[in-house]
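Asks: Sharing a structure below in structure tokens format, with a few things to ask.
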Amino acid sequence: MSNILKKTTIGLLVSVMALGLTGCGGSSTPAAPAGAPAKPASAKIGVIAYLSGAGAAYGEAIRQGLELARDEINAQGKTKIDLIFEDSKGEKNEAINAANKLIHKDNVVAIIGPTLSGSMFAVGPITNQAGVPVMGTSTTAEGITDIGEYVFRNALPESLAIPHAVKKAKEKYNLKKVAVMYSNNNDWAVSGFKTFEQSLKTNGIETLTVATFADKDTDFSAQLTKIATLKPDAIMVASLYQEAALILKKARELGITVPIVGNNGFNSPQLIKSAGKAADGSIMASPWFPGKDAANVKSFVAAYKAKFNKEPDQFAAQSYDALKIMAQALEKSGSNTDRKKLRDSLAAIKDFPGVTGKFAFDAKRNPAMEATVLIVKDGQFVELK
């Protein structure tokens, strides 16, 4: 009986020691030194993007820009970020559902997106009420940040970009009279039209006619046939790239050779891919220009090409900058989970050296930065000089 008792006692002692080691992390991870801070959890950031459907090229560029930025941020080790992607499909209800999931189920600290301004007008009030910072990387319509103090954007508003394009086009081509076209069932395009309207008045340019259409329309013959008879010096167009490409092709087919000035929807390689040679002569303003002589721009373009085998567009560049801005704000806030601290840290961002240029948020959480006017020439975006 004594031998059995000894064996039992020794077995119990071994078990207790093993449990003690396990409790201290001895069997998996060494115990942290006394007083050392715990390793922070990754910051969970939700993304609502137009990943499928007619405007998926925008969403794809946004996703790729974010993924490249995430990989670089995580490799540096100062802040760890997990991205949770949700597809809005270009629909407001899908964007709303995605926002509710990210906020209440995934418990994200912030959201990037949605892609479309109309979707942001639907999602912004939800995120603002929940106290979740949301940053638009492609939402350029007027009034976006008026939604509330938790709504930010690093996308240059069309109220700043379009006037640059109109003024430069007037100087370059001596514009005196133009035609205007816009999609009247798209909040963002309607906002763009109003900015075009005001910019034309400011520059003393006469508007000969205003023609409307709807998203997903495919036949623009009637509008452009009428415009051709008026002989404008240029055409101003507010639309997404898919309709813009069809407008460009039809205009050139009808013998309209004048410059066509677009809004932010023109800022996609997909426009050139879809319109082909007809895209030449298209003008738009953008904070992003891949030919800019800056070290960080060259590094970004090289890294993006290496990862995705193509050149980044404005949407990729702006999403890349957005996550880098978010990472800096997270680091300064001292938390990967505190939404209020992150909001306040974002609002304080100044002099951020982005690939789209020197960046800061103004008092209304809009970007304070400059735009470059571009023109499509021989299938490439180049600076209009």
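The chains in the structure tokens are called A, B, ... from first to last as shown; in each chain the residues are counted from 1, and the ligands are counted from 1 in the order shown.
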Neighbours of range 153-162 of chain A within 6 Å (only C-alpha atoms; same-chain residues fewer than 4 positions away dropped), as a list in words?

Replies: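 These residues fall inside the cut-off: Met135, Gly136, Thr137, Ser138, Thr140, Thr195, Ala285, Asn366 and Pro367 of chain A.
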
Asks: Write a file of the just-selected residues containing N, CA, C and O atoms, as a JSON list (two decimals), in the first residue's frame.

Replies:
[["chain", "number", "residue", "atom", "x", "y", "z"],
["A", 135, "MET", "N", -14.61, 56.42, -43.18],
["A", 135, "MET", "CA", -13.84, 57.26, -44.11],
["A", 135, "MET", "C", -14.12, 56.87, -45.55],
["A", 135, "MET", "O", -13.90, 55.73, -45.95],
["A", 136, "GLY", "N", -14.62, 57.82, -46.32],
["A", 136, "GLY", "CA", -14.86, 57.60, -47.73],
["A", 136, "GLY", "C", -13.60, 57.86, -48.53],
["A", 136, "GLY", "O", -12.96, 58.90, -48.35],
["A", 137, "THR", "N", -13.23, 56.93, -49.39],
["A", 137, "THR", "CA", -12.05, 57.11, -50.23],
["A", 137, "THR", "C", -12.41, 57.48, -51.66],
["A", 137, "THR", "O", -11.54, 57.75, -52.46],
["A", 138, "SER", "N", -13.72, 57.49, -51.95],
["A", 138, "SER", "CA", -14.16, 57.80, -53.32],
["A", 138, "SER", "C", -15.47, 58.57, -53.33],
["A", 138, "SER", "O", -16.09, 58.73, -54.38],
["A", 140, "THR", "N", -17.33, 61.80, -53.35],
["A", 140, "THR", "CA", -16.96, 63.18, -53.69],
["A", 140, "THR", "C", -18.13, 64.15, -53.75],
["A", 140, "THR", "O", -17.93, 65.33, -54.04],
["A", 195, "THR", "N", -22.10, 71.25, -59.57],
["A", 195, "THR", "CA", -20.78, 71.86, -59.51],
["A", 195, "THR", "C", -20.32, 72.32, -60.89],
["A", 195, "THR", "O", -19.76, 73.41, -61.04],
["A", 285, "ALA", "N", -9.98, 66.19, -63.25],
["A", 285, "ALA", "CA", -9.03, 66.62, -62.23],
["A", 285, "ALA", "C", -8.92, 65.53, -61.17],
["A", 285, "ALA", "O", -9.91, 64.88, -60.81],
["A", 366, "ASN", "N", -12.96, 67.14, -44.36],
["A", 366, "ASN", "CA", -12.70, 66.99, -45.78],
["A", 366, "ASN", "C", -11.21, 67.12, -46.03],
["A", 366, "ASN", "O", -10.49, 67.70, -45.21],
["A", 367, "PRO", "N", -10.71, 66.62, -47.15],
["A", 367, "PRO", "CA", -9.28, 66.73, -47.41],
["A", 367, "PRO", "C", -8.87, 68.14, -47.81],
["A", 367, "PRO", "O", -9.55, 68.80, -48.60]]

Asks: Find the residues near range 231-247 of chain A: any atom within 6 Å, counting only C-alpha atoms, skip ones fewer than 3 places away on the same chain, and give them as a list in words.

Replies: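 In the requested format, the answer is Leu175, Lys177, Val178, Ala179, Val180, Met181, Tyr182, Ser183, Ala189, Gly192, Phe193, Ala228, Lys250, Ala251, Val258, Pro259, Ile260, Val261, Gly262, Asn263, Gly265, Phe266, Leu271, Ser274 and Ala275 of chain A.
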
Asks: Please provide as a list in words all residues within 7 Å of range 305-322 of chain A, with the sequence filter that same-chain residues fewer than 6 positions apart are discarded (counting only C-alpha atoms).

Replies: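 Once the nearby chain positions are removed, what remains is Tyr58, Ala61, Ile62, Gln64, Gly65, Leu66, Ala69, Thr137, Ser138, Asn154, Ala155, Asn267, Ser268, Pro269, Trp288, Gly354, Val355 and Thr356 of chain A.
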
Asks: Using all heavy atoms, can you write the selected residues to a file as a CSV table (one decimal), in the first residue's frame?

Replies:
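Result saved to out26.csv:
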chain,number,residue,atom,x,y,z
A,58,TYR,N,-14.1,50.0,-59.8
A,58,TYR,CA,-13.8,50.9,-58.7
A,58,TYR,C,-13.5,50.1,-57.4
A,58,TYR,O,-12.5,50.4,-56.7
A,58,TYR,CB,-15.0,51.8,-58.4
A,58,TYR,CG,-15.4,52.8,-59.5
A,58,TYR,CD1,-16.7,52.9,-59.9
A,58,TYR,CD2,-14.4,53.6,-60.1
A,58,TYR,CE1,-17.1,53.8,-60.9
A,58,TYR,CE2,-14.8,54.5,-61.1
A,58,TYR,CZ,-16.1,54.6,-61.5
A,58,TYR,OH,-16.5,55.4,-62.5
A,61,ALA,N,-10.1,48.2,-57.4
A,61,ALA,CA,-8.9,49.1,-57.2
A,61,ALA,C,-8.8,49.5,-55.7
A,61,ALA,O,-7.7,49.5,-55.1
A,61,ALA,CB,-9.1,50.4,-58.1
A,62,ILE,N,-10.0,49.8,-55.1
A,62,ILE,CA,-10.0,50.2,-53.7
A,62,ILE,C,-9.5,49.0,-52.8
A,62,ILE,O,-8.7,49.2,-51.9
A,62,ILE,CB,-11.4,50.6,-53.3
A,62,ILE,CG1,-11.8,51.9,-53.9
A,62,ILE,CG2,-11.6,50.6,-51.8
A,62,ILE,CD1,-13.2,52.3,-53.8
A,64,GLN,N,-7.5,46.5,-53.7
A,64,GLN,CA,-6.1,46.3,-53.9
A,64,GLN,C,-5.3,47.3,-53.2
A,64,GLN,O,-4.2,47.0,-52.6
A,64,GLN,CB,-5.8,46.2,-55.4
A,64,GLN,CG,-6.4,45.0,-56.1
A,64,GLN,CD,-6.3,45.0,-57.6
A,64,GLN,OE1,-6.1,46.0,-58.2
A,64,GLN,NE2,-6.5,43.8,-58.2
A,65,GLY,N,-5.7,48.6,-53.3
A,65,GLY,CA,-4.9,49.6,-52.5
A,65,GLY,C,-4.9,49.4,-51.1
A,65,GLY,O,-3.9,49.5,-50.4
A,66,LEU,N,-6.0,48.9,-50.5
A,66,LEU,CA,-6.1,48.6,-49.1
A,66,LEU,C,-5.3,47.4,-48.7
A,66,LEU,O,-4.6,47.4,-47.7
A,66,LEU,CB,-7.6,48.4,-48.7
A,66,LEU,CG,-8.5,49.6,-48.7
A,66,LEU,CD1,-10.0,49.2,-48.5
A,66,LEU,CD2,-8.1,50.6,-47.7
A,69,ALA,N,-1.6,48.4,-48.6
A,69,ALA,CA,-1.3,49.2,-47.4
A,69,ALA,C,-1.3,48.4,-46.2
A,69,ALA,O,-0.4,48.5,-45.3
A,69,ALA,CB,-2.3,50.3,-47.3
A,137,THR,N,-13.2,56.9,-49.4
A,137,THR,CA,-12.0,57.1,-50.2
A,137,THR,C,-12.4,57.5,-51.7
A,137,THR,O,-11.5,57.8,-52.5
A,137,THR,CB,-11.2,55.8,-50.3
A,137,THR,OG1,-11.9,54.8,-51.0
A,137,THR,CG2,-10.9,55.3,-48.9
A,138,SER,N,-13.7,57.5,-52.0
A,138,SER,CA,-14.2,57.8,-53.3
A,138,SER,C,-15.5,58.6,-53.3
A,138,SER,O,-16.1,58.7,-54.4
A,138,SER,CB,-14.3,56.5,-54.1
A,138,SER,OG,-15.2,55.6,-53.4
A,154,ASN,N,-11.1,61.1,-47.5
A,154,ASN,CA,-9.8,61.6,-48.1
A,154,ASN,C,-10.0,61.8,-49.6
A,154,ASN,O,-9.0,62.0,-50.3
A,154,ASN,CB,-8.6,60.7,-47.7
A,154,ASN,CG,-8.6,59.4,-48.5
A,154,ASN,OD1,-9.7,58.8,-48.7
A,154,ASN,ND2,-7.4,58.9,-48.9
A,155,ALA,N,-11.2,61.5,-50.1
A,155,ALA,CA,-11.5,61.8,-51.5
A,155,ALA,C,-11.7,63.2,-51.8
A,155,ALA,O,-12.5,63.9,-51.0
A,155,ALA,CB,-12.7,61.0,-51.9
A,267,ASN,N,-12.0,59.0,-63.7
A,267,ASN,CA,-10.7,58.7,-63.2
A,267,ASN,C,-10.5,57.2,-62.9
A,267,ASN,O,-10.2,56.7,-61.8
A,267,ASN,CB,-10.4,59.4,-61.8
A,267,ASN,CG,-10.2,60.9,-62.1
A,267,ASN,OD1,-9.6,61.3,-63.0
A,267,ASN,ND2,-10.7,61.7,-61.2
A,268,SER,N,-10.6,56.4,-64.0
A,268,SER,CA,-10.4,55.0,-63.9
A,268,SER,C,-9.8,54.4,-65.2
A,268,SER,O,-10.3,54.8,-66.3
A,268,SER,CB,-11.7,54.2,-63.6
A,268,SER,OG,-11.5,52.8,-63.7
A,269,PRO,N,-8.8,53.6,-65.2
A,269,PRO,CA,-8.3,53.0,-66.4
A,269,PRO,C,-9.3,52.2,-67.2
A,269,PRO,O,-9.2,52.0,-68.4
A,269,PRO,CB,-7.2,52.0,-65.9
A,269,PRO,CG,-6.8,52.6,-64.6
A,269,PRO,CD,-8.0,53.2,-64.0
A,288,TRP,N,-4.5,62.4,-57.7
A,288,TRP,CA,-3.5,61.3,-58.0
A,288,TRP,C,-3.0,61.4,-59.4
A,288,TRP,O,-3.8,61.5,-60.4
A,288,TRP,CB,-4.2,60.0,-57.8
A,288,TRP,CG,-3.4,58.8,-58.4
A,288,TRP,CD1,-3.7,58.0,-59.4
A,288,TRP,CD2,-2.1,58.4,-58.0
A,288,TRP,NE1,-2.8,57.1,-59.7
A,288,TRP,CE2,-1.7,57.3,-58.8
A,288,TRP,CE3,-1.2,58.7,-56.9
A,288,TRP,CZ2,-0.5,56.6,-58.6
A,288,TRP,CZ3,0.0,58.1,-56.8
A,288,TRP,CH2,0.3,57.0,-57.6
A,354,GLY,N,1.1,61.6,-48.1
A,354,GLY,CA,0.4,60.5,-48.9
A,354,GLY,C,0.9,60.5,-50.3
A,354,GLY,O,1.6,61.4,-50.8
A,355,VAL,N,0.6,59.4,-51.0
A,355,VAL,CA,1.0,59.2,-52.4
A,355,VAL,C,0.1,60.2,-53.3
A,355,VAL,O,0.5,60.5,-54.4
A,355,VAL,CB,0.9,57.8,-52.9
A,355,VAL,CG1,1.9,56.9,-52.1
A,355,VAL,CG2,-0.5,57.2,-52.8
A,356,THR,N,-1.0,60.6,-52.8
A,356,THR,CA,-1.8,61.5,-53.5
A,356,THR,C,-1.5,63.0,-53.1
A,356,THR,O,-2.1,63.9,-53.7
A,356,THR,CB,-3.3,61.3,-53.2
A,356,THR,OG1,-3.5,61.4,-51.8
A,356,THR,CG2,-3.8,60.0,-53.7

Asks: From a DSSP calculation on the backbone, collect every residue of range 131-344 of chain A in strand (DSSP E) and output the set as an mmCIF file with N, CA, C and O atoms, in the first residue's frame.

Replies:
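Result file is selection-v7.cif:
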data_model
loop_
_atom_site.group_PDB
_atom_site.id
_atom_site.type_symbol
_atom_site.label_atom_id
_atom_site.label_comp_id
_atom_site.auth_asym_id
_atom_site.auth_seq_id
_atom_site.Cartn_x
_atom_site.Cartn_y
_atom_site.Cartn_z
ATOM 1 N N VAL A 134 -16.034 56.556 -39.982
ATOM 2 C CA VAL A 134 -16.149 56.018 -41.339
ATOM 3 C C VAL A 134 -15.421 56.978 -42.280
ATOM 4 O O VAL A 134 -15.553 58.197 -42.152
ATOM 5 N N MET A 135 -14.608 56.420 -43.183
ATOM 6 C CA MET A 135 -13.841 57.257 -44.111
ATOM 7 C C MET A 135 -14.125 56.869 -45.548
ATOM 8 O O MET A 135 -13.897 55.733 -45.953
ATOM 9 N N GLY A 136 -14.625 57.820 -46.316
ATOM 10 C CA GLY A 136 -14.859 57.596 -47.734
ATOM 11 C C GLY A 136 -13.596 57.863 -48.529
ATOM 12 O O GLY A 136 -12.955 58.902 -48.355
ATOM 13 N N VAL A 151 -17.891 61.143 -39.626
ATOM 14 C CA VAL A 151 -17.762 60.906 -41.059
ATOM 15 C C VAL A 151 -16.588 61.709 -41.627
ATOM 16 O O VAL A 151 -16.558 62.941 -41.514
ATOM 17 N N PHE A 152 -15.637 61.000 -42.248
ATOM 18 C CA PHE A 152 -14.448 61.595 -42.853
ATOM 19 C C PHE A 152 -14.374 61.185 -44.323
ATOM 20 O O PHE A 152 -15.026 60.254 -44.751
ATOM 21 N N ARG A 153 -13.530 61.875 -45.071
ATOM 22 C CA ARG A 153 -13.185 61.400 -46.409
ATOM 23 C C ARG A 153 -11.809 61.951 -46.805
ATOM 24 O O ARG A 153 -11.451 63.064 -46.431
ATOM 25 N N LYS A 177 -18.751 78.082 -75.174
ATOM 26 C CA LYS A 177 -20.087 77.489 -75.085
ATOM 27 C C LYS A 177 -19.952 75.967 -75.021
ATOM 28 O O LYS A 177 -19.157 75.369 -75.740
ATOM 29 N N VAL A 178 -20.727 75.335 -74.148
ATOM 30 C CA VAL A 178 -20.610 73.885 -73.940
ATOM 31 C C VAL A 178 -21.980 73.250 -73.763
ATOM 32 O O VAL A 178 -22.976 73.925 -73.509
ATOM 33 N N ALA A 179 -22.000 71.932 -73.896
ATOM 34 C CA ALA A 179 -23.184 71.125 -73.557
ATOM 35 C C ALA A 179 -22.866 70.352 -72.283
ATOM 36 O O ALA A 179 -21.691 70.070 -71.997
ATOM 37 N N VAL A 180 -23.887 70.018 -71.518
ATOM 38 C CA VAL A 180 -23.705 69.293 -70.255
ATOM 39 C C VAL A 180 -24.581 68.053 -70.257
ATOM 40 O O VAL A 180 -25.736 68.097 -70.685
ATOM 41 N N MET A 181 -24.029 66.933 -69.785
ATOM 42 C CA MET A 181 -24.775 65.687 -69.624
ATOM 43 C C MET A 181 -24.532 65.145 -68.219
ATOM 44 O O MET A 181 -23.418 65.250 -67.708
ATOM 45 N N TYR A 182 -25.584 64.557 -67.626
ATOM 46 C CA TYR A 182 -25.384 63.936 -66.307
ATOM 47 C C TYR A 182 -26.444 62.879 -66.033
ATOM 48 O O TYR A 182 -27.541 62.915 -66.596
ATOM 49 N N SER A 183 -26.085 61.933 -65.151
ATOM 50 C CA SER A 183 -27.025 60.892 -64.723
ATOM 51 C C SER A 183 -27.909 61.465 -63.630
ATOM 52 O O SER A 183 -27.409 61.861 -62.562
ATOM 53 N N GLU A 206 -20.973 79.716 -71.592
ATOM 54 C CA GLU A 206 -22.405 79.526 -71.849
ATOM 55 C C GLU A 206 -22.761 78.043 -71.920
ATOM 56 O O GLU A 206 -22.040 77.243 -72.523
ATOM 57 N N THR A 207 -23.870 77.669 -71.287
ATOM 58 C CA THR A 207 -24.395 76.302 -71.379
ATOM 59 C C THR A 207 -25.470 76.268 -72.457
ATOM 60 O O THR A 207 -26.538 76.885 -72.311
ATOM 61 N N LEU A 208 -25.206 75.567 -73.561
ATOM 62 C CA LEU A 208 -26.142 75.497 -74.687
ATOM 63 C C LEU A 208 -27.332 74.593 -74.394
ATOM 64 O O LEU A 208 -28.467 74.883 -74.787
ATOM 65 N N THR A 209 -27.068 73.468 -73.719
ATOM 66 C CA THR A 209 -28.131 72.505 -73.410
ATOM 67 C C THR A 209 -27.688 71.606 -72.268
ATOM 68 O O THR A 209 -26.483 71.411 -72.040
ATOM 69 N N VAL A 210 -28.664 71.075 -71.550
ATOM 70 C CA VAL A 210 -28.402 70.094 -70.494
ATOM 71 C C VAL A 210 -29.183 68.833 -70.835
ATOM 72 O O VAL A 210 -30.412 68.874 -70.984
ATOM 73 N N ALA A 211 -28.482 67.716 -70.988
ATOM 74 C CA ALA A 211 -29.112 66.429 -71.322
ATOM 75 C C ALA A 211 -28.942 65.465 -70.156
ATOM 76 O O ALA A 211 -27.867 65.401 -69.549
ATOM 77 N N THR A 212 -29.982 64.725 -69.838
ATOM 78 C CA THR A 212 -29.922 63.771 -68.729
ATOM 79 C C THR A 212 -30.041 62.333 -69.239
ATOM 80 O O THR A 212 -30.493 62.080 -70.358
ATOM 81 N N PHE A 213 -29.615 61.414 -68.382
ATOM 82 C CA PHE A 213 -29.753 59.983 -68.634
ATOM 83 C C PHE A 213 -29.770 59.300 -67.283
ATOM 84 O O PHE A 213 -29.771 59.990 -66.245
ATOM 85 N N ALA A 234 -17.074 72.125 -76.117
ATOM 86 C CA ALA A 234 -16.740 70.968 -75.274
ATOM 87 C C ALA A 234 -18.032 70.406 -74.700
ATOM 88 O O ALA A 234 -19.095 71.052 -74.771
ATOM 89 N N ILE A 235 -17.939 69.207 -74.144
ATOM 90 C CA ILE A 235 -19.082 68.597 -73.452
ATOM 91 C C ILE A 235 -18.631 68.277 -72.021
ATOM 92 O O ILE A 235 -17.552 67.723 -71.812
ATOM 93 N N MET A 236 -19.463 68.642 -71.048
ATOM 94 C CA MET A 236 -19.208 68.331 -69.643
ATOM 95 C C MET A 236 -20.079 67.134 -69.260
ATOM 96 O O MET A 236 -21.289 67.148 -69.520
ATOM 97 N N VAL A 237 -19.489 66.113 -68.649
ATOM 98 C CA VAL A 237 -20.231 64.891 -68.332
ATOM 99 C C VAL A 237 -20.016 64.481 -66.874
ATOM 100 O O VAL A 237 -18.876 64.359 -66.418
ATOM 101 N N ALA A 238 -21.106 64.255 -66.153
ATOM 102 C CA ALA A 238 -21.054 63.738 -64.779
ATOM 103 C C ALA A 238 -21.665 62.345 -64.774
ATOM 104 O O ALA A 238 -22.880 62.184 -64.878
ATOM 105 N N ILE A 260 -13.979 66.422 -73.984
ATOM 106 C CA ILE A 260 -15.067 66.039 -73.078
ATOM 107 C C ILE A 260 -14.506 66.058 -71.656
ATOM 108 O O ILE A 260 -13.574 65.321 -71.335
ATOM 109 N N VAL A 261 -15.063 66.946 -70.841
ATOM 110 C CA VAL A 261 -14.589 67.134 -69.467
ATOM 111 C C VAL A 261 -15.461 66.308 -68.527
ATOM 112 O O VAL A 261 -16.684 66.474 -68.509
ATOM 113 N N GLY A 262 -14.840 65.423 -67.774
ATOM 114 C CA GLY A 262 -15.587 64.548 -66.886
ATOM 115 C C GLY A 262 -15.385 64.878 -65.428
ATOM 116 O O GLY A 262 -14.520 65.670 -65.054
ATOM 117 N N SER A 282 -10.318 63.185 -73.222
ATOM 118 C CA SER A 282 -11.108 63.296 -71.990
ATOM 119 C C SER A 282 -10.284 64.016 -70.928
ATOM 120 O O SER A 282 -9.106 63.726 -70.750
ATOM 121 N N ILE A 283 -10.921 64.929 -70.220
ATOM 122 C CA ILE A 283 -10.238 65.752 -69.220
ATOM 123 C C ILE A 283 -10.904 65.571 -67.869
ATOM 124 O O ILE A 283 -12.133 65.497 -67.770
ATOM 125 N N MET A 284 -10.120 65.498 -66.806
ATOM 126 C CA MET A 284 -10.636 65.401 -65.454
ATOM 127 C C MET A 284 -9.572 65.870 -64.469
ATOM 128 O O MET A 284 -8.396 65.947 -64.822
ATOM 129 N N ALA A 285 -9.983 66.193 -63.253
ATOM 130 C CA ALA A 285 -9.030 66.618 -62.227
ATOM 131 C C ALA A 285 -8.919 65.531 -61.167
ATOM 132 O O ALA A 285 -9.909 64.880 -60.814
ATOM 133 N N SER A 286 -7.715 65.335 -60.657
ATOM 134 C CA SER A 286 -7.480 64.268 -59.692
ATOM 135 C C SER A 286 -6.322 64.648 -58.782
ATOM 136 O O SER A 286 -5.363 65.287 -59.221
#

Asks: May I have a table of the residues of range 262-327 of chain A lying at most 10 Å from range 71-86 of chain A, giving each one's closest pair of atoms and their distance in Å to one decimal, counting only C-alpha atoms, ordered by chain and ascending residue number, as JSON lines?

Replies:
{"residue": "A:Leu323", "atom": "CA", "partner": "A:Ile73", "partner_atom": "CA", "distance": 8.8}
{"residue": "A:Lys324", "atom": "CA", "partner": "A:Ile73", "partner_atom": "CA", "distance": 7.4}
{"residue": "A:Met326", "atom": "CA", "partner": "A:Ile81", "partner_atom": "CA", "distance": 9.8}
{"residue": "A:Ala327", "atom": "CA", "partner": "A:Thr79", "partner_atom": "CA", "distance": 6.6}

Asks: Could you write out the selected residues, including all heavy atoms, as a PDB file, in the first residue's frame?

Replies:
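As written to disk, selection_38.pdb reads:
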ATOM      1  N   LEU A 323      -5.859  53.994 -45.556  1.00  0.00           N
ATOM      2  CA  LEU A 323      -5.493  53.031 -44.521  1.00  0.00           C
ATOM      3  C   LEU A 323      -4.209  53.449 -43.807  1.00  0.00           C
ATOM      4  O   LEU A 323      -4.067  53.228 -42.594  1.00  0.00           O
ATOM      5  CB  LEU A 323      -5.337  51.630 -45.119  1.00  0.00           C
ATOM      6  CG  LEU A 323      -5.324  50.499 -44.081  1.00  0.00           C
ATOM      7  CD1 LEU A 323      -6.626  50.475 -43.287  1.00  0.00           C
ATOM      8  CD2 LEU A 323      -5.106  49.137 -44.732  1.00  0.00           C
ATOM      9  N   LYS A 324      -3.287  54.066 -44.539  1.00  0.00           N
ATOM     10  CA  LYS A 324      -2.072  54.568 -43.894  1.00  0.00           C
ATOM     11  C   LYS A 324      -2.423  55.688 -42.902  1.00  0.00           C
ATOM     12  O   LYS A 324      -1.861  55.764 -41.800  1.00  0.00           O
ATOM     13  CB  LYS A 324      -1.083  55.084 -44.946  1.00  0.00           C
ATOM     14  CG  LYS A 324      -0.452  54.002 -45.832  1.00  0.00           C
ATOM     15  CD  LYS A 324       0.458  53.086 -45.029  1.00  0.00           C
ATOM     16  CE  LYS A 324       1.196  52.063 -45.872  1.00  0.00           C
ATOM     17  NZ  LYS A 324       2.429  52.566 -46.480  1.00  0.00           N
ATOM     18  N   MET A 326      -5.332  55.949 -41.383  1.00  0.00           N
ATOM     19  CA  MET A 326      -6.016  55.259 -40.298  1.00  0.00           C
ATOM     20  C   MET A 326      -5.006  54.615 -39.340  1.00  0.00           C
ATOM     21  O   MET A 326      -5.169  54.672 -38.113  1.00  0.00           O
ATOM     22  CB  MET A 326      -6.951  54.197 -40.876  1.00  0.00           C
ATOM     23  CG  MET A 326      -7.960  53.640 -39.888  1.00  0.00           C
ATOM     24  SD  MET A 326      -9.383  54.709 -39.596  1.00  0.00           S
ATOM     25  CE  MET A 326     -10.346  54.484 -41.081  1.00  0.00           C
ATOM     26  N   ALA A 327      -3.952  54.020 -39.900  1.00  0.00           N
ATOM     27  CA  ALA A 327      -2.934  53.369 -39.072  1.00  0.00           C
ATOM     28  C   ALA A 327      -2.208  54.388 -38.199  1.00  0.00           C
ATOM     29  O   ALA A 327      -1.936  54.136 -37.011  1.00  0.00           O
ATOM     30  CB  ALA A 327      -1.937  52.618 -39.952  1.00  0.00           C
TER      31      ALA A 327
END

Asks: Could you give me, as JSON lines, every range 155-209 of chain A residue with an atom at most 8 Å from range 111-128 of chain A, plus its closest atom pair and distance in Å to one decimal, counting only C-alpha atoms, rows ordered by chain then number?

Replies:
{"residue": "A:Asn186", "atom": "CA", "partner": "A:Gly118", "partner_atom": "CA", "distance": 7.1}
{"residue": "A:Asp187", "atom": "CA", "partner": "A:Gly118", "partner_atom": "CA", "distance": 5.4}
{"residue": "A:Trp188", "atom": "CA", "partner": "A:Ser117", "partner_atom": "CA", "distance": 5.5}

Asks: Residues as selected, N, CA, C and O atoms, written as a PDB file, in the first residue's frame, can you do that?

Replies:
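For reference, result_23.pdb as written:
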ATOM      1  N   ASN A 186     -28.526  59.410 -59.905  1.00  0.00           N
ATOM      2  CA  ASN A 186     -27.350  59.111 -59.098  1.00  0.00           C
ATOM      3  C   ASN A 186     -27.007  60.368 -58.286  1.00  0.00           C
ATOM      4  O   ASN A 186     -26.688  61.412 -58.849  1.00  0.00           O
ATOM      5  N   ASP A 187     -27.095  60.263 -56.946  1.00  0.00           N
ATOM      6  CA  ASP A 187     -26.883  61.427 -56.069  1.00  0.00           C
ATOM      7  C   ASP A 187     -25.559  62.123 -56.358  1.00  0.00           C
ATOM      8  O   ASP A 187     -25.464  63.347 -56.395  1.00  0.00           O
ATOM      9  N   TRP A 188     -24.534  61.312 -56.543  1.00  0.00           N
ATOM     10  CA  TRP A 188     -23.186  61.831 -56.759  1.00  0.00           C
ATOM     11  C   TRP A 188     -23.093  62.572 -58.102  1.00  0.00           C
ATOM     12  O   TRP A 188     -22.499  63.650 -58.192  1.00  0.00           O
TER      13      TRP A 188
END

Asks: Identify, with DSSP run on backbone atoms, the residues in range 52-152 of chain A assigned to helix (DSSP H, G or I), and express the list as an NGL selection string.

Replies: :A and (56-76 or 92-105 or 117-130 or 145-147)

Asks: Using only C-alpha atoms, which of A:Ile45, A:Lys194, A:Ala303, A:Asn184 sits nearest Asp215 in chain A?

Replies: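 Among the listed residues, the smallest separation from Asp215 in chain A belongs to A:Asn184.
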
Asks: Hey, which of A:Ile103, A:Lys216, A:Asp87, A:Gly131 ends up closest to Lys341 in chain A? Count only C-alpha atoms.

Replies: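 Checking each candidate against Lys341 in chain A, we get A:Gly131 as the closest.
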